[in-house]
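Enquirer: Quick one: this structure, given as structure tokens, is what I'll be asking you about.
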Protein chains: 2
Amino acid sequence: MCELLGMSANVPTDIVFSFTGLMQRGGRTGPHRDGWGIGFYEGRGLRLFQDPAASIDSEVARLVQRYPIKSEVVIGHIRQANVGQVCLANTHPFSRELWGRNWCFAHNGQLVDFTPEPGLYSPVGDTDSEAAFCDLLNRVRRAFPEPVAVQMLLPVLVSVCAEYRDRGVFNCLLSDGDWLFSFCSTKLVEITRRAPFGPARLKDADLTVDFQAETTPDDVVTVLATDALTDNEKWIQHQPGDWTLWRRGERIADGKA
Amino acid sequence: MCELLGMSANVPTDIVFSFTGLMQRGGRTGPHRDGWGIGFYEGRGLRLFQDPAASIDSEVARLVQRYPIKSEVVIGHIRQANVGQVCLANTHPFSRELWGRNWCFAHNGQLVDFTPEPGLYSPVGDTDSEAAFCDLLNRVRRAFPEPVAVQMLLPVLVSVCAEYRDRGVFNCLLSDGDWLFSFCSTKLVEITRRAPFGPARLKDADLTVDFQAETTPDDVVTVLATDALTDNEKWIQHQPGDWTLWRRGERIADGKA
């Protein structure tokens, strides 16, 4: 299996703290040694760092930890391979352009007997995850050849995710750089940090940050993860079938499939 | 204007030496301060590093110089903006998936009054370069809905490039990770290094490398660039209209449009 990390914020925010916690699970405190990746949106651009090496040994991961990239939407992933060999093409998150925006996707779980219909988007690697992402985009594009607001999209996103969930385990994060969508099939937690901010202590590394010192009173930052990343804060657990939609740190829609 | 860098090799080869030369032109020995990017193919995967900062000041560029990534096909670019603001979405190289492969593209030049027909691929940013890349892929896809060999593609690639060239300046590099295609509208040079290898000295930095010590006798490595990167080797100049196609370091096709 794998672990997911997502962030939605109302100001460009660096995710170094959460990323540092997650990276420990890629070989030190967790078994997810088969690659890692993280995508940072900067405006409409998407900056993607990926490495098929274990995050704990990765030179690129060290750069990302050292070099605070500020972003309003982030999707990260550490991989423990089940379908598809360990190589760059099989490393999450995956991205594709749709309607002139970069869409980014990461998946935790696995799908059984999954052979979607071919379409405009085709997988480059051989994971079930990338195949699902391409199938999802193909279905969005068939439903809406022209761009629509995310509220129009939601029924398609939710029904496709619910269908995948019936074929295995499908926790996912998806974004077009504006909104962040999550679907929980088995495991996903969230936390929204806003004023008054306090200290947060990582579970997986000896690191505490005082968000009070690093934020302004108006900042709103939501983090989604497979497992809670800190041990002194209250993370909200999603239930199977729960989906959420975030924009600028705030939950703008949710439901249960 | 901008500068291009391309590599095709028959063994995974690091491009640190050439990259180090090119990066100097991004603010030190050249005026190309408006971002830089480089894409390394690893198998079917594409590892893309991009930064809208000047390469000479870029932390990510330092990582790429320090950390030798071995690849058989590389496309790099440093930008001096003419169309489109300086931001990540406007930073070359651009990439899109076509036929289950990552295509990667970089452009040096500018196009005048360029408003291509909309199609499946749409630009994310607002450069003429990305618009041309999307238009090129749209035309390839219209001509060949299903994958074809690059030899079948060539007439389409060449005629589209020739058409763009009539609208301004269009030097470009394009790859699907297997082959590397170049088109020269005004400026492009190449060098193929093979045994017996000798020393090479950068024009833009005080750095000499002895390729003899870093290669095996069977290695074949071709580098393409806007301007020669070394001052003690013979680079071959392309003429306006020249196109070339490379695979594993060898020129497998060429012609003049």
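Labels used: A, B, ... for chains in the order of the structure tokens, numbers from 1 for residues in each chain, and numbers from 1 for ligands as shown.
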The coordinates of chain B, once least-squares superposed on chain A over all sequentially paired C-alpha atoms, should be supplied as a PDB file with C-alpha atoms, in the first residue's frame.
Expert:
ATOM      1  CA  MET B   1       0.004  -0.012   0.000  1.00  0.00           C
ATOM      2  CA  CYS B   2       0.995   3.617  -0.015  1.00  0.00           C
ATOM      3  CA  GLU B   3       0.471   6.852   1.843  1.00  0.00           C
ATOM      4  CA  LEU B   4      -1.069  10.081   0.628  1.00  0.00           C
ATOM      5  CA  LEU B   5      -0.454  13.695   1.559  1.00  0.00           C
ATOM      6  CA  GLY B   6      -2.531  16.646   0.408  1.00  0.00           C
ATOM      7  CA  MET B   7      -2.681  20.326   1.232  1.00  0.00           C
ATOM      8  CA  SER B   8      -5.082  23.127   0.416  1.00  0.00           C
ATOM      9  CA  ALA B   9      -4.315  26.611   1.752  1.00  0.00           C
ATOM     10  CA  ASN B  10      -5.552  30.169   1.318  1.00  0.00           C
ATOM     11  CA  VAL B  11      -2.020  31.569   1.111  1.00  0.00           C
ATOM     12  CA  PRO B  12       1.059  30.042  -0.483  1.00  0.00           C
ATOM     13  CA  THR B  13       2.277  27.748   2.276  1.00  0.00           C
ATOM     14  CA  ASP B  14       5.261  25.479   2.534  1.00  0.00           C
ATOM     15  CA  ILE B  15       4.646  21.860   3.402  1.00  0.00           C
ATOM     16  CA  VAL B  16       8.163  21.082   4.617  1.00  0.00           C
ATOM     17  CA  PHE B  17       6.932  20.102   8.075  1.00  0.00           C
ATOM     18  CA  SER B  18       4.338  17.551   6.901  1.00  0.00           C
ATOM     19  CA  PHE B  19       6.595  16.342   4.091  1.00  0.00           C
ATOM     20  CA  THR B  20       9.405  15.708   6.559  1.00  0.00           C
ATOM     21  CA  GLY B  21       7.075  13.499   8.592  1.00  0.00           C
ATOM     22  CA  LEU B  22       5.816  11.595   5.565  1.00  0.00           C
ATOM     23  CA  MET B  23       9.316  11.006   4.191  1.00  0.00           C
ATOM     24  CA  GLN B  24      10.302   9.097   7.340  1.00  0.00           C
ATOM     25  CA  ARG B  25       7.705   6.494   6.435  1.00  0.00           C
ATOM     26  CA  GLY B  26       9.538   5.883   3.169  1.00  0.00           C
ATOM     27  CA  GLY B  27      12.060   3.504   4.704  1.00  0.00           C
ATOM     28  CA  ARG B  28      12.574   4.575   8.320  1.00  0.00           C
ATOM     29  CA  THR B  29       9.324   4.579  10.329  1.00  0.00           C
ATOM     30  CA  GLY B  30       7.312   2.974   7.520  1.00  0.00           C
ATOM     31  CA  PRO B  31       7.781   0.421   4.743  1.00  0.00           C
ATOM     32  CA  HIS B  32       6.990   2.645   1.740  1.00  0.00           C
ATOM     33  CA  ARG B  33      10.380   2.336   0.065  1.00  0.00           C
ATOM     34  CA  ASP B  34       9.279   2.058  -3.569  1.00  0.00           C
ATOM     35  CA  GLY B  35       9.425   5.692  -4.550  1.00  0.00           C
ATOM     36  CA  TRP B  36       7.820   8.938  -3.630  1.00  0.00           C
ATOM     37  CA  GLY B  37       6.602  12.075  -5.332  1.00  0.00           C
ATOM     38  CA  ILE B  38       5.115  15.449  -4.635  1.00  0.00           C
ATOM     39  CA  GLY B  39       3.436  18.014  -6.862  1.00  0.00           C
ATOM     40  CA  PHE B  40       3.313  21.701  -5.939  1.00  0.00           C
ATOM     41  CA  TYR B  41       1.034  24.029  -7.830  1.00  0.00           C
ATOM     42  CA  GLU B  42       2.420  27.478  -8.482  1.00  0.00           C
ATOM     43  CA  GLY B  43      -0.385  29.380 -10.136  1.00  0.00           C
ATOM     44  CA  ARG B  44      -1.390  27.192 -13.069  1.00  0.00           C
ATOM     45  CA  GLY B  45       2.045  25.585 -13.167  1.00  0.00           C
ATOM     46  CA  LEU B  46       2.739  22.248 -11.489  1.00  0.00           C
ATOM     47  CA  ARG B  47       6.154  21.470 -10.091  1.00  0.00           C
ATOM     48  CA  LEU B  48       6.530  17.734  -9.777  1.00  0.00           C
ATOM     49  CA  PHE B  49       9.331  15.994  -7.909  1.00  0.00           C
ATOM     50  CA  GLN B  50       9.406  12.217  -8.145  1.00  0.00           C
ATOM     51  CA  ASP B  51      11.911   9.541  -7.363  1.00  0.00           C
ATOM     52  CA  PRO B  52      11.661   5.762  -7.583  1.00  0.00           C
ATOM     53  CA  ALA B  53      14.211   5.626  -4.718  1.00  0.00           C
ATOM     54  CA  ALA B  54      13.108   5.381  -1.093  1.00  0.00           C
ATOM     55  CA  SER B  55      12.350   8.872   0.193  1.00  0.00           C
ATOM     56  CA  ILE B  56      14.622   8.368   3.155  1.00  0.00           C
ATOM     57  CA  ASP B  57      17.583   7.866   0.780  1.00  0.00           C
ATOM     58  CA  SER B  58      16.529  10.380  -1.861  1.00  0.00           C
ATOM     59  CA  GLU B  59      18.694  13.372  -2.721  1.00  0.00           C
ATOM     60  CA  VAL B  60      15.682  15.029  -4.333  1.00  0.00           C
ATOM     61  CA  ALA B  61      13.622  14.511  -1.172  1.00  0.00           C
ATOM     62  CA  ARG B  62      16.354  16.240   0.809  1.00  0.00           C
ATOM     63  CA  LEU B  63      16.158  19.201  -1.569  1.00  0.00           C
ATOM     64  CA  VAL B  64      12.391  19.437  -1.098  1.00  0.00           C
ATOM     65  CA  GLN B  65      12.838  19.334   2.683  1.00  0.00           C
ATOM     66  CA  ARG B  66      15.541  21.993   2.623  1.00  0.00           C
ATOM     67  CA  TYR B  67      14.004  24.317   0.103  1.00  0.00           C
ATOM     68  CA  PRO B  68      10.565  25.572   1.132  1.00  0.00           C
ATOM     69  CA  ILE B  69       8.339  25.733  -1.930  1.00  0.00           C
ATOM     70  CA  LYS B  70       5.224  27.762  -1.220  1.00  0.00           C
ATOM     71  CA  SER B  71       2.044  26.502  -2.784  1.00  0.00           C
ATOM     72  CA  GLU B  72      -1.725  26.640  -2.323  1.00  0.00           C
ATOM     73  CA  VAL B  73      -2.304  23.057  -3.392  1.00  0.00           C
ATOM     74  CA  VAL B  74       0.035  20.107  -2.892  1.00  0.00           C
ATOM     75  CA  ILE B  75      -0.347  16.380  -3.549  1.00  0.00           C
ATOM     76  CA  GLY B  76       2.278  13.941  -2.270  1.00  0.00           C
ATOM     77  CA  HIS B  77       2.661  10.184  -2.144  1.00  0.00           C
ATOM     78  CA  ILE B  78       5.017   7.495  -0.880  1.00  0.00           C
ATOM     79  CA  ARG B  79       4.800   4.124  -2.538  1.00  0.00           C
ATOM     80  CA  GLN B  80       4.911   0.528  -1.462  1.00  0.00           C
ATOM     81  CA  ALA B  81       4.462  -1.229  -4.777  1.00  0.00           C
ATOM     82  CA  ASN B  82       1.794  -3.820  -5.336  1.00  0.00           C
ATOM     83  CA  VAL B  83       0.987  -3.433  -9.058  1.00  0.00           C
ATOM     84  CA  GLY B  84       3.755  -2.360 -11.461  1.00  0.00           C
ATOM     85  CA  GLN B  85       7.519  -2.423 -11.048  1.00  0.00           C
ATOM     86  CA  VAL B  86       9.494   0.238  -9.198  1.00  0.00           C
ATOM     87  CA  CYS B  87      10.405   2.856 -11.806  1.00  0.00           C
ATOM     88  CA  LEU B  88       9.868   6.527 -12.523  1.00  0.00           C
ATOM     89  CA  ALA B  89       6.902   5.926 -14.838  1.00  0.00           C
ATOM     90  CA  ASN B  90       5.082   4.144 -11.997  1.00  0.00           C
ATOM     91  CA  THR B  91       5.773   6.822  -9.410  1.00  0.00           C
ATOM     92  CA  HIS B  92       2.884   8.962  -8.150  1.00  0.00           C
ATOM     93  CA  PRO B  93       1.580  11.598  -8.372  1.00  0.00           C
ATOM     94  CA  PHE B  94       0.546  11.380 -11.995  1.00  0.00           C
ATOM     95  CA  SER B  95      -0.355  14.414 -14.051  1.00  0.00           C
ATOM     96  CA  ARG B  96      -2.191  15.170 -17.258  1.00  0.00           C
ATOM     97  CA  GLU B  97      -3.440  18.345 -18.895  1.00  0.00           C
ATOM     98  CA  LEU B  98      -7.216  18.693 -19.206  1.00  0.00           C
ATOM     99  CA  TRP B  99      -8.968  21.878 -20.369  1.00  0.00           C
ATOM    100  CA  GLY B 100      -5.689  23.795 -20.236  1.00  0.00           C
ATOM    101  CA  ARG B 101      -5.018  22.933 -16.604  1.00  0.00           C
ATOM    102  CA  ASN B 102      -2.585  20.520 -14.999  1.00  0.00           C
ATOM    103  CA  TRP B 103      -4.475  17.784 -13.186  1.00  0.00           C
ATOM    104  CA  CYS B 104      -2.590  15.856 -10.545  1.00  0.00           C
ATOM    105  CA  PHE B 105      -3.577  12.557  -8.915  1.00  0.00           C
ATOM    106  CA  ALA B 106      -2.286  10.139  -6.295  1.00  0.00           C
ATOM    107  CA  HIS B 107      -3.825   6.856  -5.152  1.00  0.00           C
ATOM    108  CA  ASN B 108      -3.518   4.631  -2.133  1.00  0.00           C
ATOM    109  CA  GLY B 109      -4.909   1.135  -2.576  1.00  0.00           C
ATOM    110  CA  GLN B 110      -5.274  -1.373  -5.353  1.00  0.00           C
ATOM    111  CA  LEU B 111      -7.841  -2.367  -7.932  1.00  0.00           C
ATOM    112  CA  VAL B 112      -8.608  -5.929  -8.935  1.00  0.00           C
ATOM    113  CA  ASP B 113      -9.272  -6.974 -12.551  1.00  0.00           C
ATOM    114  CA  PHE B 114      -9.180  -3.390 -13.684  1.00  0.00           C
ATOM    115  CA  THR B 115      -9.050  -3.020 -17.468  1.00  0.00           C
ATOM    116  CA  PRO B 116     -10.711   0.250 -18.363  1.00  0.00           C
ATOM    117  CA  GLU B 117     -11.777   1.169 -21.891  1.00  0.00           C
ATOM    118  CA  PRO B 118      -9.091   2.953 -23.900  1.00  0.00           C
ATOM    119  CA  GLY B 119      -9.569   6.688 -24.369  1.00  0.00           C
ATOM    120  CA  LEU B 120      -7.725   9.900 -25.070  1.00  0.00           C
ATOM    121  CA  TYR B 121      -5.576   9.548 -21.959  1.00  0.00           C
ATOM    122  CA  SER B 122      -3.410   6.437 -21.775  1.00  0.00           C
ATOM    123  CA  PRO B 123      -1.155   5.255 -18.988  1.00  0.00           C
ATOM    124  CA  VAL B 124       2.608   5.604 -19.519  1.00  0.00           C
ATOM    125  CA  GLY B 125       3.499   3.081 -16.813  1.00  0.00           C
ATOM    126  CA  ASP B 126       1.756  -0.091 -15.722  1.00  0.00           C
ATOM    127  CA  THR B 127       0.114   0.703 -12.409  1.00  0.00           C
ATOM    128  CA  ASP B 128      -3.583   0.280 -11.720  1.00  0.00           C
ATOM    129  CA  SER B 129      -3.403   3.792 -10.230  1.00  0.00           C
ATOM    130  CA  GLU B 130      -2.364   5.565 -13.402  1.00  0.00           C
ATOM    131  CA  ALA B 131      -4.855   3.471 -15.396  1.00  0.00           C
ATOM    132  CA  ALA B 132      -7.594   4.651 -13.023  1.00  0.00           C
ATOM    133  CA  PHE B 133      -6.489   8.289 -13.335  1.00  0.00           C
ATOM    134  CA  CYS B 134      -6.568   8.080 -17.143  1.00  0.00           C
ATOM    135  CA  ASP B 135      -9.949   6.366 -17.084  1.00  0.00           C
ATOM    136  CA  LEU B 136     -11.303   9.025 -14.735  1.00  0.00           C
ATOM    137  CA  LEU B 137     -10.109  11.814 -17.051  1.00  0.00           C
ATOM    138  CA  ASN B 138     -11.483   9.984 -20.083  1.00  0.00           C
ATOM    139  CA  ARG B 139     -14.873   9.793 -18.417  1.00  0.00           C
ATOM    140  CA  VAL B 140     -14.767  13.447 -17.352  1.00  0.00           C
ATOM    141  CA  ARG B 141     -13.875  14.417 -20.886  1.00  0.00           C
ATOM    142  CA  ARG B 142     -16.622  12.284 -22.384  1.00  0.00           C
ATOM    143  CA  ALA B 143     -19.158  13.794 -19.969  1.00  0.00           C
ATOM    144  CA  PHE B 144     -17.891  17.352 -20.489  1.00  0.00           C
ATOM    145  CA  PRO B 145     -15.978  18.017 -23.693  1.00  0.00           C
ATOM    146  CA  GLU B 146     -15.757  21.670 -22.647  1.00  0.00           C
ATOM    147  CA  PRO B 147     -14.624  23.023 -19.261  1.00  0.00           C
ATOM    148  CA  VAL B 148     -17.236  23.112 -16.488  1.00  0.00           C
ATOM    149  CA  ALA B 149     -17.185  24.276 -12.879  1.00  0.00           C
ATOM    150  CA  VAL B 150     -16.053  21.733 -10.319  1.00  0.00           C
ATOM    151  CA  GLN B 151     -19.561  21.592  -8.831  1.00  0.00           C
ATOM    152  CA  MET B 152     -20.782  20.178 -12.155  1.00  0.00           C
ATOM    153  CA  LEU B 153     -17.932  17.684 -12.182  1.00  0.00           C
ATOM    154  CA  LEU B 154     -18.467  16.370  -8.686  1.00  0.00           C
ATOM    155  CA  PRO B 155     -21.169  13.810  -9.488  1.00  0.00           C
ATOM    156  CA  VAL B 156     -18.896  12.262 -12.127  1.00  0.00           C
ATOM    157  CA  LEU B 157     -15.843  12.246  -9.836  1.00  0.00           C
ATOM    158  CA  VAL B 158     -17.790  10.720  -6.963  1.00  0.00           C
ATOM    159  CA  SER B 159     -19.508   8.036  -9.026  1.00  0.00           C
ATOM    160  CA  VAL B 160     -16.267   6.987 -10.723  1.00  0.00           C
ATOM    161  CA  CYS B 161     -14.468   6.802  -7.361  1.00  0.00           C
ATOM    162  CA  ALA B 162     -17.325   4.794  -5.861  1.00  0.00           C
ATOM    163  CA  GLU B 163     -17.132   2.377  -8.760  1.00  0.00           C
ATOM    164  CA  TYR B 164     -13.351   1.937  -8.313  1.00  0.00           C
ATOM    165  CA  ARG B 165     -13.859   1.377  -4.623  1.00  0.00           C
ATOM    166  CA  ASP B 166     -16.107  -1.585  -5.459  1.00  0.00           C
ATOM    167  CA  ARG B 167     -13.102  -3.124  -7.232  1.00  0.00           C
ATOM    168  CA  GLY B 168     -10.651  -2.901  -4.362  1.00  0.00           C
ATOM    169  CA  VAL B 169      -9.208  -0.114  -2.265  1.00  0.00           C
ATOM    170  CA  PHE B 170      -9.351   3.396  -3.597  1.00  0.00           C
ATOM    171  CA  ASN B 171      -8.242   6.319  -1.463  1.00  0.00           C
ATOM    172  CA  CYS B 172      -7.242   9.217  -3.674  1.00  0.00           C
ATOM    173  CA  LEU B 173      -6.372  12.868  -3.988  1.00  0.00           C
ATOM    174  CA  LEU B 174      -7.051  14.841  -7.160  1.00  0.00           C
ATOM    175  CA  SER B 175      -6.560  18.488  -8.068  1.00  0.00           C
ATOM    176  CA  ASP B 176      -6.564  20.859 -10.999  1.00  0.00           C
ATOM    177  CA  GLY B 177      -4.555  23.430  -9.027  1.00  0.00           C
ATOM    178  CA  ASP B 178      -7.645  25.339  -7.931  1.00  0.00           C
ATOM    179  CA  TRP B 179      -9.558  22.752  -5.879  1.00  0.00           C
ATOM    180  CA  LEU B 180      -8.466  19.596  -4.061  1.00  0.00           C
ATOM    181  CA  PHE B 181     -10.746  16.544  -4.068  1.00  0.00           C
ATOM    182  CA  SER B 182     -10.408  13.522  -1.799  1.00  0.00           C
ATOM    183  CA  PHE B 183     -12.093  10.143  -1.743  1.00  0.00           C
ATOM    184  CA  CYS B 184     -11.796   7.756   1.193  1.00  0.00           C
ATOM    185  CA  SER B 185     -12.229   4.055   0.631  1.00  0.00           C
ATOM    186  CA  THR B 186     -10.496   2.827   3.786  1.00  0.00           C
ATOM    187  CA  LYS B 187      -8.167   5.399   5.363  1.00  0.00           C
ATOM    188  CA  LEU B 188      -7.826   9.161   5.214  1.00  0.00           C
ATOM    189  CA  VAL B 189      -7.529  11.835   7.887  1.00  0.00           C
ATOM    190  CA  GLU B 190      -7.659  15.624   7.781  1.00  0.00           C
ATOM    191  CA  ILE B 191      -6.754  18.603   9.878  1.00  0.00           C
ATOM    192  CA  THR B 192      -7.503  22.272   9.287  1.00  0.00           C
ATOM    193  CA  ARG B 193      -5.168  24.681  11.004  1.00  0.00           C
ATOM    194  CA  ARG B 194      -6.314  28.256  11.552  1.00  0.00           C
ATOM    195  CA  ALA B 195      -5.877  30.963  14.228  1.00  0.00           C
ATOM    196  CA  PRO B 196      -5.183  30.564  17.071  1.00  0.00           C
ATOM    197  CA  PHE B 197      -2.300  28.418  15.822  1.00  0.00           C
ATOM    198  CA  GLY B 198      -0.307  26.268  18.191  1.00  0.00           C
ATOM    199  CA  PRO B 199       2.670  23.958  18.162  1.00  0.00           C
ATOM    200  CA  ALA B 200       2.589  20.713  16.186  1.00  0.00           C
ATOM    201  CA  ARG B 201       4.861  17.735  16.827  1.00  0.00           C
ATOM    202  CA  LEU B 202       5.639  15.121  14.186  1.00  0.00           C
ATOM    203  CA  LYS B 203       4.932  11.490  15.027  1.00  0.00           C
ATOM    204  CA  ASP B 204       7.762  10.204  12.806  1.00  0.00           C
ATOM    205  CA  ALA B 205      10.627  12.567  13.549  1.00  0.00           C
ATOM    206  CA  ASP B 206      11.830  14.635  16.459  1.00  0.00           C
ATOM    207  CA  LEU B 207      10.471  17.899  15.084  1.00  0.00           C
ATOM    208  CA  THR B 208       8.044  20.447  16.503  1.00  0.00           C
ATOM    209  CA  VAL B 209       6.947  23.600  14.738  1.00  0.00           C
ATOM    210  CA  ASP B 210       5.159  26.574  16.244  1.00  0.00           C
ATOM    211  CA  PHE B 211       2.701  27.542  13.530  1.00  0.00           C
ATOM    212  CA  GLN B 212       1.882  30.707  15.497  1.00  0.00           C
ATOM    213  CA  ALA B 213       5.299  32.061  14.566  1.00  0.00           C
ATOM    214  CA  GLU B 214       5.022  31.078  10.901  1.00  0.00           C
ATOM    215  CA  THR B 215       1.526  32.243  10.006  1.00  0.00           C
ATOM    216  CA  THR B 216      -0.723  35.286   9.935  1.00  0.00           C
ATOM    217  CA  PRO B 217      -4.108  35.252  11.705  1.00  0.00           C
ATOM    218  CA  ASP B 218      -5.937  34.879   8.380  1.00  0.00           C
ATOM    219  CA  ASP B 219      -4.134  31.739   7.214  1.00  0.00           C
ATOM    220  CA  VAL B 220      -6.192  28.601   6.715  1.00  0.00           C
ATOM    221  CA  VAL B 221      -4.317  25.421   5.865  1.00  0.00           C
ATOM    222  CA  THR B 222      -5.862  21.974   5.511  1.00  0.00           C
ATOM    223  CA  VAL B 223      -3.719  18.855   5.392  1.00  0.00           C
ATOM    224  CA  LEU B 224      -5.005  15.431   4.339  1.00  0.00           C
ATOM    225  CA  ALA B 225      -3.025  12.263   4.970  1.00  0.00           C
ATOM    226  CA  THR B 226      -3.421   8.514   5.147  1.00  0.00           C
ATOM    227  CA  ASP B 227      -2.389   8.564   8.798  1.00  0.00           C
ATOM    228  CA  ALA B 228      -2.073  11.492  11.211  1.00  0.00           C
ATOM    229  CA  LEU B 229       1.331  13.141  10.856  1.00  0.00           C
ATOM    230  CA  THR B 230       1.390  14.797  14.295  1.00  0.00           C
ATOM    231  CA  ASP B 231       0.669  13.340  17.736  1.00  0.00           C
ATOM    232  CA  ASN B 232      -0.489  16.433  19.608  1.00  0.00           C
ATOM    233  CA  GLU B 233      -3.325  17.576  17.362  1.00  0.00           C
ATOM    234  CA  LYS B 234      -6.781  16.233  16.636  1.00  0.00           C
ATOM    235  CA  TRP B 235      -7.058  14.792  13.136  1.00  0.00           C
ATOM    236  CA  ILE B 236     -10.512  14.011  11.765  1.00  0.00           C
ATOM    237  CA  GLN B 237     -10.939  10.529  10.359  1.00  0.00           C
ATOM    238  CA  HIS B 238     -12.804  10.052   7.088  1.00  0.00           C
ATOM    239  CA  GLN B 239     -15.146   7.090   6.798  1.00  0.00           C
ATOM    240  CA  PRO B 240     -15.395   4.704   3.845  1.00  0.00           C
ATOM    241  CA  GLY B 241     -17.221   6.488   1.035  1.00  0.00           C
ATOM    242  CA  ASP B 242     -16.534   9.996   2.346  1.00  0.00           C
ATOM    243  CA  TRP B 243     -15.488  12.527  -0.239  1.00  0.00           C
ATOM    244  CA  THR B 244     -14.472  16.135   0.295  1.00  0.00           C
ATOM    245  CA  LEU B 245     -13.727  19.141  -1.857  1.00  0.00           C
ATOM    246  CA  TRP B 246     -11.395  21.919  -0.694  1.00  0.00           C
ATOM    247  CA  ARG B 247     -10.505  25.330  -1.987  1.00  0.00           C
ATOM    248  CA  ARG B 248      -8.117  27.756  -0.316  1.00  0.00           C
ATOM    249  CA  GLY B 249      -8.017  25.626   2.829  1.00  0.00           C
ATOM    250  CA  GLU B 250     -11.790  25.516   3.307  1.00  0.00           C
ATOM    251  CA  ARG B 251     -14.101  22.563   2.794  1.00  0.00           C
ATOM    252  CA  ILE B 252     -16.503  23.699   0.109  1.00  0.00           C
ATOM    253  CA  ALA B 253     -18.389  20.438  -0.419  1.00  0.00           C
ATOM    254  CA  ASP B 254     -18.539  16.921   0.958  1.00  0.00           C
ATOM    255  CA  GLY B 255     -20.679  13.811   0.906  1.00  0.00           C
ATOM    256  CA  LYS B 256     -20.798  10.059   1.186  1.00  0.00           C
ATOM    257  CA  ALA B 257     -20.884   7.586  -1.683  1.00  0.00           C
TER     258      ALA B 257
END
Enquirer: Enumerate, as a ChimeraX atom specification, the complete set of residues in segment 44-220 of chain B that a backbone-based DSSP assignment places in alpha helix (DSSP H).
Expert: /B:59-66,128-143,150-165,211-214
Enquirer: For the structure I just gave you, how does DSSP split segment 10-219 of chain B - specifically, which residues are strand (DSSP E or B)? Reply as a compact mmCIF listing (two decimals) with C-alpha atoms, in the first residue's frame.
Expert:
# COMPACT_ATOMS: atom_id res chain seq x y z
CA ASN B 10 23.13 4.90 -26.45
CA VAL B 11 23.79 4.41 -22.74
CA PRO B 12 22.34 6.28 -19.79
CA THR B 13 24.58 9.33 -19.65
CA ASP B 14 24.70 12.27 -17.31
CA GLY B 26 21.05 32.00 -17.40
CA PRO B 31 20.94 37.06 -20.52
CA TRP B 36 15.05 27.27 -17.05
CA GLY B 37 14.03 23.64 -17.23
CA ILE B 38 15.32 20.23 -18.10
CA GLY B 39 13.58 16.92 -18.73
CA PHE B 40 15.36 13.59 -18.27
CA TYR B 41 13.80 10.43 -19.59
CA GLU B 42 14.24 7.38 -17.42
CA GLY B 45 9.22 8.10 -17.23
CA LEU B 46 10.10 11.78 -17.59
CA ARG B 47 11.74 13.65 -14.76
CA LEU B 48 11.17 17.35 -15.24
CA PHE B 49 12.93 20.08 -13.29
CA GLN B 50 11.78 23.62 -13.95
CA ASP B 51 12.22 26.93 -12.26
CA LYS B 70 21.67 9.32 -16.12
CA SER B 71 19.39 9.39 -19.12
CA GLU B 72 19.32 8.43 -22.79
CA VAL B 73 17.32 11.45 -23.87
CA VAL B 74 17.41 14.92 -22.34
CA ILE B 75 15.79 18.22 -23.35
CA GLY B 76 16.79 21.44 -21.60
CA HIS B 77 16.03 25.12 -22.03
CA ILE B 78 16.92 28.51 -20.58
CA ARG B 79 14.46 31.30 -21.16
CA PHE B 94 6.59 21.41 -21.84
CA SER B 95 5.25 17.89 -21.67
CA ARG B 96 2.10 16.05 -22.63
CA GLU B 97 1.14 12.39 -22.84
CA LEU B 98 0.38 11.07 -26.32
CA ARG B 101 4.24 8.14 -23.86
CA ASN B 102 5.54 11.36 -22.35
CA TRP B 103 6.31 13.86 -25.09
CA CYS B 104 8.64 16.70 -24.21
CA PHE B 105 9.23 19.92 -26.16
CA ALA B 106 11.33 23.07 -25.95
CA HIS B 107 11.38 26.03 -28.33
CA ASN B 108 13.76 28.84 -29.10
CA GLY B 109 12.26 31.71 -31.07
CA GLN B 110 8.93 33.42 -31.38
CA LEU B 111 5.83 33.18 -33.53
CA GLY B 168 8.71 33.74 -37.05
CA VAL B 169 11.62 31.89 -35.51
CA PHE B 170 11.20 28.26 -34.65
CA ASN B 171 14.13 26.21 -33.41
CA CYS B 172 12.88 23.26 -31.41
CA LEU B 173 13.62 19.96 -29.76
CA LEU B 174 10.97 17.26 -29.37
CA SER B 175 11.09 13.74 -27.96
CA TRP B 179 13.81 9.42 -30.39
CA LEU B 180 14.92 13.06 -30.36
CA PHE B 181 13.82 15.38 -33.17
CA SER B 182 15.29 18.79 -33.93
CA PHE B 183 14.26 21.58 -36.25
CA VAL B 189 24.56 23.12 -33.45
CA GLU B 190 25.39 19.48 -32.77
CA ILE B 191 28.27 17.33 -31.71
CA THR B 192 28.51 13.55 -31.55
CA ARG B 193 31.09 12.20 -29.15
CA PRO B 199 38.91 16.32 -23.23
CA ALA B 200 36.20 18.96 -23.58
CA ARG B 201 36.40 22.47 -22.15
CA LEU B 202 33.33 24.59 -21.42
CA THR B 208 37.23 20.63 -18.48
CA VAL B 209 36.16 17.01 -18.52
CA ASP B 210 38.09 14.06 -19.92
